[in-house]
Amino acid sequence: MLVEKLFNWFLCLFNKKKGEYKLVIVPELPQEPKNKVLYIEGKEELNDYWYALLKCPCGCNENIMLNLIDDANPCWFVFIDGSNFSISPSIWRTKNCRSHFFLKNRQIVWA
Ligand SMILES: [Zn+2]
């Protein structure tokens, strides 16, 4: 039925929105990050970013800190395009929950 199809489509849109991450640039990373927020420590006006922080999306409640300084290793890049953003390469935790995922276009994509 068409109505049902439309309803599913709406539901899909809603879920998609719900799963989206927000990007927040802060002078200092918070002690307790919120769910579905990617925090970046740095200076937006200088386009200079040092660290990123997010809560592990698997639900284990641990914080994941990423280094964005390219002369240290390992190092990640955050691509910001208007309100859209992605992190590269993928995030792979080597301890505890061992989650492996991408953050692409504001969404978690499990590897
Ligand atoms: Zn986890």
# chains A, B, ... in the order shown; residues from 1 in each chain; ligands from 1
$ residues_around --residues "Glu44 of chain A" --least-positions-apart "5" --cutoff "12 Å" --atoms "only C-alpha atoms" --output "PDB file with C-alpha atoms, in the first residue's frame"
ATOM      1  CA  LEU A  23      30.180  18.393  15.464  1.00  0.00           C
ATOM      2  CA  VAL A  24      31.239  20.704  18.263  1.00  0.00           C
ATOM      3  CA  ILE A  25      34.486  22.630  18.250  1.00  0.00           C
ATOM      4  CA  VAL A  26      35.649  23.412  21.760  1.00  0.00           C
ATOM      5  CA  PRO A  27      38.706  25.093  23.300  1.00  0.00           C
ATOM      6  CA  TYR A  49      42.671  21.092  15.337  1.00  0.00           C
ATOM      7  CA  TRP A  50      44.453  18.879  17.803  1.00  0.00           C
ATOM      8  CA  ILE A  80      34.276  19.217   7.331  1.00  0.00           C
TER       9      ILE A  80
END
$ residues_near_ligand --ligand "ligand 1" --cutoff "7 Å" --atoms "only C-alpha atoms and all ligand atoms" --output "list of chain:residue names"
A:Cys56, A:Pro57, A:Cys58, A:Gly59, A:Cys60, A:Asn61, A:Glu62, A:Cys97, A:Arg98, A:Ser99
$ write_last_selection --atoms "C-alpha atoms" --output "PDB file, in the first residue's frame"
ATOM      1  CA  CYS A  56      32.140   4.728  21.661  1.00  0.00           C
ATOM      2  CA  PRO A  57      29.005   4.073  19.546  1.00  0.00           C
ATOM      3  CA  CYS A  58      28.766   0.415  20.615  1.00  0.00           C
ATOM      4  CA  GLY A  59      27.259   1.422  23.951  1.00  0.00           C
ATOM      5  CA  CYS A  60      30.227   0.423  26.132  1.00  0.00           C
ATOM      6  CA  ASN A  61      30.273   4.000  27.410  1.00  0.00           C
ATOM      7  CA  GLU A  62      33.978   4.522  26.918  1.00  0.00           C
ATOM      8  CA  CYS A  97      35.064  -3.666  22.971  1.00  0.00           C
ATOM      9  CA  ARG A  98      37.288  -3.688  19.826  1.00  0.00           C
ATOM     10  CA  SER A  99      34.736  -1.714  17.861  1.00  0.00           C
TER      11      SER A  99
END
$ closest_residue --among "A:Gln107, A:Tyr39, A:Leu66, A:Pro30" --to "Ser86 of chain A" --atoms "only C-alpha atoms"
A:Gln107
$ residues_around --residues "Cys75 of chain A" --least-positions-apart "5" --cutoff "10 Å" --atoms "only C-alpha atoms" --output "PyMOL selection string"
chain A and resi 50-51+66-70+88-89
$ select_by_dssp --residues "chain A" --states "strand (DSSP E)" --output "number ranges by chain"
A: 22-26, 37-43, 48-55, 63-67, 77-81, 84-92, 100-104, 107-110
$ atom_distance --atom1 "atom CA of Phe7 of chain A" --atom2 "atom CA of Val37 of chain A"
28.2 Å
$ atom_distance --atom1 "atom CA of Glu32 of chain A" --atom2 "atom CA of Asn96 of chain A"
18.9 Å
$ residues_around --residues "Leu103 of chain A" --least-positions-apart "3" --cutoff "12 Å" --atoms "only C-alpha atoms" --output "PyMOL selection string"
chain A and resi 19-23+36-38+54+56-57+76-80+84-92+100+106-111
$ select_by_dssp --residues "chain A" --states "helix (DSSP H, G or I)" --output "PyMOL selection string"
chain A and resi 2-18+44-46
$ residues_around --residues "Leu29 of chain A" --least-positions-apart "4" --cutoff "8 Å" --atoms "only C-alpha atoms" --output "list in words"
Tyr39, Ile40, Glu41 and Leu53 of chain A
$ write_last_selection --atoms "C-alpha atoms" --output "PDB file, in the first residue's frame"
ATOM      1  CA  TYR A  39      34.086  17.072  19.955  1.00  0.00           C
ATOM      2  CA  ILE A  40      37.089  18.680  18.355  1.00  0.00           C
ATOM      3  CA  GLU A  41      39.639  20.565  20.335  1.00  0.00           C
ATOM      4  CA  LEU A  53      36.675  12.950  21.212  1.00  0.00           C
TER       5      LEU A  53
END
$ closest_residue --among "A:Lys55, A:Asn47, A:Ile64, A:Glu28" --to "Lys95 of chain A" --atoms "only C-alpha atoms"
A:Ile64
$ closest_residue --among "A:Asn105, A:Asp48, A:Lys5, A:Asn63" --to "Gly82 of chain A" --atoms "only C-alpha atoms"
A:Asn105
$ atom_distance --atom1 "atom CA of Phe101 of chain A" --atom2 "atom CA of Asp81 of chain A"
20.2 Å
